[in-house]
Amino acid sequence: MRGNSFGKLFSLTSFGESHGEYMGVVMDGLPAGLEPKLEDLQSFLKRRSPGQEGSSARQERDRAQIVSGVFEGKTLGTPLCVLIKNEDHRSSDYSALRDVHRPGHADKTTEMKYGIRDYRGGGRSSGRETISRVIAGYFASLVLPQLDVHLKCLQLGHLVSSDEQEQKKYLQQLQQEGDSCGVHIEFRIKNVPPALGEPCFDKLKADLAKAFLSIGGCVAFSYGLGERAPDLLGKEMIKDDNNWGGIEGGISSGEDIFGTLTFKAPASVGNISKQGRHDPCLYPRVIPVIESMAKIVLVDHYLRQKAYL
């Protein structure tokens, strides 16, 4: 199976299955001399961990173990590997699904492609895989600490409200009813260095699109005016630099990069959802995943740009 690696100068390879012994990531291209703090990494990981209010009841401590690439508290510039042990996987819950293809879970397509699949929790198609991305996102933040990614929930299913308590109540209600919902999320990336992006096929917008759309459940990406762009004529479009979304010709301008992401409703519904082992919505646990993918892309392009200088 290919397709588990991302990036060029700063690259990551994600590995592990949802119900396997470990999840993990190998990162290559990190500069030497960075000083990662395990407690900071744990805080970052906690934001996507299951067991939060209104999310999956799966209890995972997600204790990170750095097994290579760091010596005396500093990165060596060599491949850096981090492991996370899966502790609360109840594989027996999935025994009845051995010969069942769940709609919307990639069960059918995975088996069609490889002739075999890990039916325990979806294997590589599980949201558990995103832990590797969040780890890489933390290390990317050490390279460009000034990057600031802001995310805002525009719509949560039928709920259009930014009140966190209302959102939690709505998600709890969906979980009790055995249902789920999608979400529209606005992103804004601040303090982006200028001149990042490689025309023609590695444009910054193209790599951001790939990064975000590679997150399970993400079904749409737009930046700048996005779908509203056709509403403006050319003379109107050029009046405001913000209309370009911080990217011109596939290269960052140094302005904020902003846009929207759309995630579909999780496909685990009905009695299996009422058991509480599945998220009624990918929000808010997807927030650190989005942040991480944005930082991974920008750090990769930052290192590529530095190579020219």
# chains A, B, ... in the order shown; residues from 1 in each chain; ligands from 1
>>> select_by_dssp(residues="stretch 60-287 of chain A", states="helix (DSSP H, G or I)", output="compact mmCIF listing (two decimals) with N, CA and C atoms, in the first residue's frame")
# COMPACT_ATOMS: atom_id res chain seq x y z
N SER A 91 -11.57 -4.73 19.85
CA SER A 91 -11.71 -5.36 18.54
C SER A 91 -12.90 -6.31 18.48
N SER A 92 -13.27 -6.88 19.63
CA SER A 92 -14.41 -7.80 19.66
C SER A 92 -15.70 -7.11 19.25
N ASP A 93 -15.76 -5.79 19.43
CA ASP A 93 -16.96 -5.05 19.02
C ASP A 93 -17.20 -5.14 17.52
N TYR A 94 -16.14 -5.47 16.76
CA TYR A 94 -16.22 -5.46 15.31
C TYR A 94 -16.28 -6.87 14.70
N SER A 95 -16.32 -7.90 15.56
CA SER A 95 -16.28 -9.27 15.04
C SER A 95 -17.45 -9.57 14.10
N ALA A 96 -18.59 -8.97 14.37
CA ALA A 96 -19.77 -9.21 13.52
C ALA A 96 -19.65 -8.52 12.17
N LEU A 97 -18.65 -7.66 12.02
CA LEU A 97 -18.49 -6.89 10.79
C LEU A 97 -17.45 -7.50 9.85
N ASP A 107 -14.88 0.20 3.64
CA ASP A 107 -14.75 -1.26 3.77
C ASP A 107 -14.76 -1.93 2.41
N LYS A 108 -15.75 -1.58 1.62
CA LYS A 108 -15.92 -2.22 0.31
C LYS A 108 -14.77 -1.89 -0.63
N THR A 109 -14.44 -0.61 -0.72
CA THR A 109 -13.40 -0.20 -1.68
C THR A 109 -12.01 -0.71 -1.28
N THR A 110 -11.74 -0.76 0.03
CA THR A 110 -10.46 -1.30 0.49
C THR A 110 -10.31 -2.76 0.12
N GLU A 111 -11.38 -3.53 0.33
CA GLU A 111 -11.34 -4.96 0.00
C GLU A 111 -11.26 -5.16 -1.51
N MET A 112 -11.94 -4.31 -2.27
CA MET A 112 -11.86 -4.40 -3.73
C MET A 112 -10.43 -4.15 -4.21
N LYS A 113 -9.74 -3.22 -3.56
CA LYS A 113 -8.40 -2.85 -3.99
C LYS A 113 -7.34 -3.87 -3.59
N TYR A 114 -7.40 -4.35 -2.33
CA TYR A 114 -6.32 -5.18 -1.81
C TYR A 114 -6.71 -6.65 -1.61
N GLY A 123 -9.16 0.06 10.20
CA GLY A 123 -7.74 0.02 9.81
C GLY A 123 -7.17 1.39 9.52
N ARG A 124 -6.61 1.56 8.33
CA ARG A 124 -5.97 2.81 7.95
C ARG A 124 -6.99 3.90 7.60
N SER A 125 -8.25 3.50 7.39
CA SER A 125 -9.28 4.48 7.05
C SER A 125 -9.87 5.14 8.29
N GLY A 127 -10.22 7.43 11.68
CA GLY A 127 -9.75 8.74 12.10
C GLY A 127 -8.58 8.65 13.07
N ARG A 128 -8.35 7.47 13.61
CA ARG A 128 -7.21 7.27 14.51
C ARG A 128 -5.88 7.57 13.81
N GLU A 129 -5.87 7.40 12.48
CA GLU A 129 -4.65 7.65 11.71
C GLU A 129 -4.18 9.09 11.85
N THR A 130 -5.09 10.02 12.13
CA THR A 130 -4.72 11.43 12.15
C THR A 130 -3.78 11.78 13.29
N ILE A 131 -3.60 10.87 14.24
CA ILE A 131 -2.68 11.15 15.34
C ILE A 131 -1.27 11.35 14.80
N SER A 132 -0.92 10.63 13.73
CA SER A 132 0.40 10.79 13.12
C SER A 132 0.57 12.19 12.56
N ARG A 133 -0.47 12.74 11.99
CA ARG A 133 -0.42 14.08 11.40
C ARG A 133 -0.25 15.15 12.49
N VAL A 134 -0.94 14.93 13.61
CA VAL A 134 -0.86 15.90 14.70
C VAL A 134 0.54 15.91 15.32
N ILE A 135 1.15 14.74 15.43
CA ILE A 135 2.53 14.68 15.92
C ILE A 135 3.44 15.47 14.99
N ALA A 136 3.32 15.22 13.68
CA ALA A 136 4.15 15.93 12.70
C ALA A 136 3.86 17.42 12.72
N GLY A 137 2.60 17.79 12.97
CA GLY A 137 2.25 19.20 13.05
C GLY A 137 2.93 19.90 14.22
N TYR A 138 3.06 19.19 15.34
CA TYR A 138 3.77 19.77 16.48
C TYR A 138 5.23 20.05 16.12
N PHE A 139 5.88 19.07 15.50
CA PHE A 139 7.29 19.27 15.16
C PHE A 139 7.46 20.34 14.08
N ALA A 140 6.50 20.43 13.17
CA ALA A 140 6.54 21.50 12.16
C ALA A 140 6.46 22.87 12.84
N SER A 141 5.68 22.96 13.91
CA SER A 141 5.53 24.24 14.60
C SER A 141 6.83 24.71 15.24
N LEU A 142 7.77 23.80 15.46
CA LEU A 142 9.07 24.19 16.00
C LEU A 142 9.92 24.89 14.95
N VAL A 143 9.65 24.61 13.68
CA VAL A 143 10.40 25.22 12.59
C VAL A 143 9.90 26.63 12.31
N GLU A 164 -20.18 27.60 22.12
CA GLU A 164 -19.61 26.27 22.37
C GLU A 164 -20.56 25.38 23.15
N GLN A 165 -21.28 25.95 24.11
CA GLN A 165 -22.21 25.14 24.90
C GLN A 165 -23.36 24.63 24.04
N GLU A 166 -23.85 25.47 23.14
CA GLU A 166 -24.90 25.03 22.23
C GLU A 166 -24.40 23.92 21.32
N GLN A 167 -23.16 24.04 20.87
CA GLN A 167 -22.57 23.03 20.00
C GLN A 167 -22.43 21.70 20.73
N LYS A 168 -21.94 21.73 21.97
CA LYS A 168 -21.79 20.51 22.75
C LYS A 168 -23.14 19.84 22.99
N LYS A 169 -24.13 20.64 23.33
CA LYS A 169 -25.46 20.11 23.57
C LYS A 169 -26.03 19.46 22.31
N TYR A 170 -25.80 20.11 21.18
CA TYR A 170 -26.28 19.59 19.90
C TYR A 170 -25.62 18.25 19.57
N LEU A 171 -24.30 18.16 19.79
CA LEU A 171 -23.58 16.92 19.50
C LEU A 171 -24.00 15.80 20.44
N GLN A 172 -24.22 16.13 21.72
CA GLN A 172 -24.68 15.12 22.67
C GLN A 172 -26.05 14.59 22.29
N GLN A 173 -26.91 15.47 21.81
CA GLN A 173 -28.25 15.06 21.38
C GLN A 173 -28.16 14.12 20.18
N LEU A 174 -27.29 14.45 19.22
CA LEU A 174 -27.12 13.60 18.05
C LEU A 174 -26.62 12.22 18.46
N GLN A 175 -25.67 12.19 19.40
CA GLN A 175 -25.12 10.91 19.85
C GLN A 175 -26.19 10.06 20.54
N GLN A 176 -27.02 10.69 21.33
CA GLN A 176 -28.10 9.96 22.00
C GLN A 176 -29.13 9.42 21.01
N GLU A 177 -29.30 10.16 19.91
CA GLU A 177 -30.26 9.74 18.88
C GLU A 177 -29.65 8.77 17.87
N LEU A 204 1.16 26.41 -3.89
CA LEU A 204 0.82 26.33 -2.47
C LEU A 204 -0.65 25.98 -2.29
N LYS A 205 -1.52 26.55 -3.12
CA LYS A 205 -2.94 26.24 -3.00
C LYS A 205 -3.21 24.77 -3.31
N ALA A 206 -2.46 24.21 -4.26
CA ALA A 206 -2.66 22.81 -4.62
C ALA A 206 -2.22 21.89 -3.50
N ASP A 207 -1.09 22.19 -2.85
CA ASP A 207 -0.61 21.35 -1.76
C ASP A 207 -1.49 21.49 -0.53
N LEU A 208 -2.00 22.69 -0.27
CA LEU A 208 -2.94 22.86 0.83
C LEU A 208 -4.22 22.07 0.57
N ALA A 209 -4.68 22.12 -0.68
CA ALA A 209 -5.89 21.37 -1.02
C ALA A 209 -5.68 19.88 -0.80
N LYS A 210 -4.54 19.36 -1.25
CA LYS A 210 -4.26 17.93 -1.07
C LYS A 210 -4.16 17.58 0.41
N ALA A 211 -3.50 18.45 1.17
CA ALA A 211 -3.32 18.19 2.59
C ALA A 211 -4.67 18.13 3.31
N PHE A 212 -5.53 19.11 3.05
CA PHE A 212 -6.81 19.15 3.74
C PHE A 212 -7.75 18.04 3.25
N LEU A 213 -7.79 17.83 1.94
CA LEU A 213 -8.69 16.81 1.40
C LEU A 213 -8.24 15.39 1.72
N GLY A 226 -13.25 31.85 -2.90
CA GLY A 226 -13.80 30.53 -3.16
C GLY A 226 -14.97 30.56 -4.12
N GLU A 227 -16.06 29.95 -3.72
CA GLU A 227 -17.24 29.86 -4.59
C GLU A 227 -17.91 31.20 -4.82
N ARG A 228 -17.53 32.21 -4.03
CA ARG A 228 -18.12 33.55 -4.23
C ARG A 228 -17.38 34.35 -5.29
N ALA A 229 -16.23 33.84 -5.77
CA ALA A 229 -15.42 34.58 -6.73
C ALA A 229 -16.18 34.95 -8.01
N PRO A 230 -17.03 34.07 -8.56
CA PRO A 230 -17.75 34.46 -9.78
C PRO A 230 -18.73 35.61 -9.59
N ASP A 231 -19.03 35.94 -8.32
CA ASP A 231 -19.98 37.04 -8.07
C ASP A 231 -19.36 38.40 -8.38
N GLY A 234 -14.16 41.44 -12.95
CA GLY A 234 -12.72 41.65 -12.85
C GLY A 234 -12.35 42.97 -12.21
N LYS A 235 -13.03 44.05 -12.56
CA LYS A 235 -12.73 45.37 -12.00
C LYS A 235 -13.00 45.41 -10.50
N GLU A 236 -13.99 44.62 -10.07
CA GLU A 236 -14.29 44.55 -8.64
C GLU A 236 -13.27 43.67 -7.92
N MET A 237 -12.86 42.61 -8.58
CA MET A 237 -11.97 41.62 -7.98
C MET A 237 -10.62 42.23 -7.62
N ASP A 241 -6.88 43.29 -2.26
CA ASP A 241 -5.91 42.20 -2.24
C ASP A 241 -6.39 41.00 -1.44
N ASN A 242 -7.31 41.22 -0.50
CA ASN A 242 -7.83 40.11 0.30
C ASN A 242 -8.60 39.10 -0.55
N ASN A 243 -9.04 39.52 -1.72
CA ASN A 243 -9.79 38.61 -2.58
C ASN A 243 -8.95 37.43 -3.05
N TRP A 244 -7.62 37.56 -2.98
CA TRP A 244 -6.76 36.48 -3.47
C TRP A 244 -6.48 35.43 -2.41
N ASN A 271 -27.59 2.16 16.20
CA ASN A 271 -27.23 1.56 17.49
C ASN A 271 -25.74 1.63 17.77
N ILE A 272 -24.91 1.45 16.73
CA ILE A 272 -23.46 1.47 16.94
C ILE A 272 -23.00 2.84 17.40
N SER A 273 -23.68 3.89 16.96
CA SER A 273 -23.34 5.24 17.39
C SER A 273 -23.81 5.50 18.82
N LYS A 274 -24.97 4.95 19.18
CA LYS A 274 -25.50 5.14 20.52
C LYS A 274 -24.61 4.53 21.59
N ILE A 287 -9.93 19.84 14.65
CA ILE A 287 -9.25 21.14 14.66
C ILE A 287 -7.73 21.00 14.66
>>> atom_distance(atom1="atom CA of A:Ser214", atom2="atom CA of A:Asp279")
18.7 Å
>>> closest_residue(among="A:Ile247, A:Leu282, A:Ala195, A:Val149", to="A:Ser180", atoms="only C-alpha atoms")
A:Leu282
>>> residues_around(residues="stretch 217-221 of chain A", least_positions_apart="2", cutoff="6 Å", atoms="only C-alpha atoms", output="PyMOL selection string")
chain A and resi 213+215+260-264
>>> write_last_selection(atoms="N, CA and C atoms", output="CSV table (one decimal), in the first residue's frame")
chain,number,residue,atom,x,y,z
A,213,LEU,N,-7.8,17.8,1.9
A,213,LEU,CA,-8.7,16.8,1.4
A,213,LEU,C,-8.2,15.4,1.7
A,215,ILE,N,-7.6,14.5,4.7
A,215,ILE,CA,-8.1,14.2,6.0
A,215,ILE,C,-9.5,13.5,5.8
A,260,THR,N,-12.3,28.0,3.4
A,260,THR,CA,-13.3,27.2,4.1
A,260,THR,C,-13.0,25.7,3.8
A,261,LEU,N,-13.4,24.9,4.7
A,261,LEU,CA,-13.4,23.4,4.6
A,261,LEU,C,-14.7,22.9,4.9
A,262,THR,N,-15.1,21.8,4.2
A,262,THR,CA,-16.4,21.1,4.5
A,262,THR,C,-16.1,19.7,4.8
A,263,PHE,N,-16.7,19.2,5.9
A,263,PHE,CA,-16.6,17.8,6.3
A,263,PHE,C,-18.0,17.2,6.3
A,264,LYS,N,-18.1,16.0,5.8
A,264,LYS,CA,-19.4,15.2,5.8
A,264,LYS,C,-19.7,14.7,7.2
>>> closest_residue(among="A:Arg98, A:Lys203, A:Lys239, A:Arg2", to="A:Ser14", atoms="only C-alpha atoms")
A:Arg2
>>> select_by_dssp(residues="stretch 121-264 of chain A", states="strand (DSSP E or B)", output="mmCIF file with N, CA and C atoms, in the first residue's frame")
data_model
loop_
_atom_site.group_PDB
_atom_site.id
_atom_site.type_symbol
_atom_site.label_atom_id
_atom_site.label_comp_id
_atom_site.auth_asym_id
_atom_site.auth_seq_id
_atom_site.Cartn_x
_atom_site.Cartn_y
_atom_site.Cartn_z
ATOM 1 N N ASP A 148 0.247 30.932 12.849
ATOM 2 C CA ASP A 148 -0.928 30.973 13.731
ATOM 3 C C ASP A 148 -2.146 30.580 12.914
ATOM 4 N N VAL A 149 -2.725 29.435 13.211
ATOM 5 C CA VAL A 149 -3.865 28.926 12.455
ATOM 6 C C VAL A 149 -5.136 29.116 13.270
ATOM 7 N N HIS A 150 -6.065 29.902 12.743
ATOM 8 C CA HIS A 150 -7.343 30.151 13.415
ATOM 9 C C HIS A 150 -8.446 29.396 12.675
ATOM 10 N N LEU A 151 -9.299 28.716 13.432
ATOM 11 C CA LEU A 151 -10.416 27.979 12.847
ATOM 12 C C LEU A 151 -11.719 28.404 13.504
ATOM 13 N N LYS A 152 -12.762 28.498 12.694
ATOM 14 C CA LYS A 152 -14.067 28.914 13.198
ATOM 15 C C LYS A 152 -15.144 28.026 12.596
ATOM 16 N N CYS A 153 -16.006 27.502 13.444
ATOM 17 C CA CYS A 153 -17.128 26.686 12.978
ATOM 18 C C CYS A 153 -18.222 27.599 12.435
ATOM 19 N N LEU A 154 -18.508 27.472 11.149
ATOM 20 C CA LEU A 154 -19.554 28.293 10.527
ATOM 21 C C LEU A 154 -20.918 27.642 10.629
ATOM 22 N N GLN A 155 -20.949 26.318 10.533
ATOM 23 C CA GLN A 155 -22.221 25.592 10.605
ATOM 24 C C GLN A 155 -21.956 24.164 11.053
ATOM 25 N N LEU A 156 -22.716 23.724 12.038
ATOM 26 C CA LEU A 156 -22.598 22.372 12.583
ATOM 27 C C LEU A 156 -23.921 21.657 12.327
ATOM 28 N N LEU A 159 -27.212 23.378 12.928
ATOM 29 C CA LEU A 159 -26.985 24.448 13.892
ATOM 30 C C LEU A 159 -26.046 25.496 13.327
ATOM 31 N N VAL A 183 -19.902 19.542 9.000
ATOM 32 C CA VAL A 183 -19.529 20.845 9.526
ATOM 33 C C VAL A 183 -18.832 21.667 8.443
ATOM 34 N N HIS A 184 -19.102 22.977 8.449
ATOM 35 C CA HIS A 184 -18.374 23.948 7.626
ATOM 36 C C HIS A 184 -17.414 24.691 8.544
ATOM 37 N N ILE A 185 -16.138 24.750 8.167
ATOM 38 C CA ILE A 185 -15.115 25.373 8.997
ATOM 39 C C ILE A 185 -14.370 26.436 8.186
ATOM 40 N N GLU A 186 -14.215 27.602 8.778
ATOM 41 C CA GLU A 186 -13.420 28.667 8.170
ATOM 42 C C GLU A 186 -12.018 28.616 8.756
ATOM 43 N N PHE A 187 -10.991 28.709 7.904
ATOM 44 C CA PHE A 187 -9.614 28.735 8.404
ATOM 45 C C PHE A 187 -8.926 30.027 7.986
ATOM 46 N N ARG A 188 -8.009 30.467 8.828
ATOM 47 C CA ARG A 188 -7.183 31.637 8.530
ATOM 48 C C ARG A 188 -5.789 31.368 9.092
ATOM 49 N N ILE A 189 -4.780 31.445 8.218
ATOM 50 C CA ILE A 189 -3.400 31.188 8.618
ATOM 51 C C ILE A 189 -2.650 32.514 8.619
ATOM 52 N N LYS A 190 -2.170 32.916 9.783
ATOM 53 C CA LYS A 190 -1.493 34.199 9.939
ATOM 54 C C LYS A 190 0.031 34.015 10.002
ATOM 55 N N GLU A 198 5.449 26.408 -5.367
ATOM 56 C CA GLU A 198 6.261 26.000 -6.521
ATOM 57 C C GLU A 198 5.377 25.822 -7.756
ATOM 58 N N ASP A 202 3.167 22.259 -8.036
ATOM 59 C CA ASP A 202 3.286 22.265 -6.586
ATOM 60 C C ASP A 202 2.905 23.623 -6.018
ATOM 61 N N CYS A 218 -13.174 15.031 4.803
ATOM 62 C CA CYS A 218 -13.148 16.350 4.161
ATOM 63 C C CYS A 218 -13.594 16.209 2.717
ATOM 64 N N VAL A 219 -14.637 16.936 2.335
ATOM 65 C CA VAL A 219 -15.216 16.787 0.998
ATOM 66 C C VAL A 219 -15.107 18.044 0.148
ATOM 67 N N ALA A 220 -14.640 19.158 0.735
ATOM 68 C CA ALA A 220 -14.524 20.379 -0.071
ATOM 69 C C ALA A 220 -13.510 21.327 0.551
ATOM 70 N N PHE A 221 -12.770 22.036 -0.327
ATOM 71 C CA PHE A 221 -11.784 23.038 0.083
ATOM 72 C C PHE A 221 -11.896 24.226 -0.857
ATOM 73 N N SER A 222 -11.829 25.421 -0.305
ATOM 74 C CA SER A 222 -11.725 26.619 -1.129
ATOM 75 C C SER A 222 -10.904 27.646 -0.367
ATOM 76 N N TYR A 223 -10.265 28.564 -1.106
ATOM 77 C CA TYR A 223 -9.489 29.602 -0.435
ATOM 78 C C TYR A 223 -9.858 30.941 -1.052
ATOM 79 N N ILE A 247 -2.668 34.093 -1.614
ATOM 80 C CA ILE A 247 -1.902 33.303 -2.579
ATOM 81 C C ILE A 247 -2.133 33.877 -3.974
ATOM 82 N N GLU A 248 -1.060 34.196 -4.683
ATOM 83 C CA GLU A 248 -1.175 34.662 -6.064
ATOM 84 C C GLU A 248 -0.247 33.836 -6.942
ATOM 85 N N ILE A 251 1.740 31.184 -5.174
ATOM 86 C CA ILE A 251 2.822 31.597 -4.283
ATOM 87 C C ILE A 251 2.249 32.491 -3.179
ATOM 88 N N SER A 252 2.701 32.275 -1.948
ATOM 89 C CA SER A 252 2.196 33.081 -0.835
ATOM 90 C C SER A 252 2.661 34.523 -0.961
ATOM 91 N N ILE A 257 -3.594 33.639 4.752
ATOM 92 C CA ILE A 257 -4.225 32.668 3.856
ATOM 93 C C ILE A 257 -5.518 32.212 4.526
ATOM 94 N N PHE A 258 -6.627 32.330 3.820
ATOM 95 C CA PHE A 258 -7.896 31.973 4.448
ATOM 96 C C PHE A 258 -8.802 31.259 3.447
ATOM 97 N N GLY A 259 -9.760 30.548 3.984
ATOM 98 C CA GLY A 259 -10.696 29.820 3.142
ATOM 99 C C GLY A 259 -11.647 28.991 3.987
ATOM 100 N N THR A 260 -12.281 28.008 3.375
ATOM 101 C CA THR A 260 -13.255 27.175 4.072
ATOM 102 C C THR A 260 -13.028 25.697 3.754
ATOM 103 N N LEU A 261 -13.421 24.864 4.707
ATOM 104 C CA LEU A 261 -13.380 23.416 4.564
ATOM 105 C C LEU A 261 -14.748 22.851 4.921
ATOM 106 N N THR A 262 -15.121 21.786 4.229
ATOM 107 C CA THR A 262 -16.393 21.126 4.502
ATOM 108 C C THR A 262 -16.144 19.659 4.816
ATOM 109 N N PHE A 263 -16.721 19.197 5.920
ATOM 110 C CA PHE A 263 -16.623 17.799 6.320
ATOM 111 C C PHE A 263 -18.007 17.175 6.349
#
>>> closest_residue(among="A:Gly216, A:His101, A:Ser5, A:Val192", to="A:Ile290", atoms="only C-alpha atoms")
A:Gly216
>>> closest_residue(among="A:Arg61, A:Ser11, A:Ala32, A:Asn191", to="A:Arg47", atoms="only C-alpha atoms")
A:Arg61
>>> closest_residue(among="A:Gly197, A:Arg63, A:Glu17, A:Gly24", to="A:Leu298", atoms="only C-alpha atoms")
A:Gly197
>>> closest_residue(among="A:Gly33, A:Gly122, A:Ser68, A:Gly246", to="A:Pro103", atoms="only C-alpha atoms")
A:Gly122
>>> atom_distance(atom1="atom CA of A:Arg304", atom2="atom CA of A:Glu291")
20.2 Å
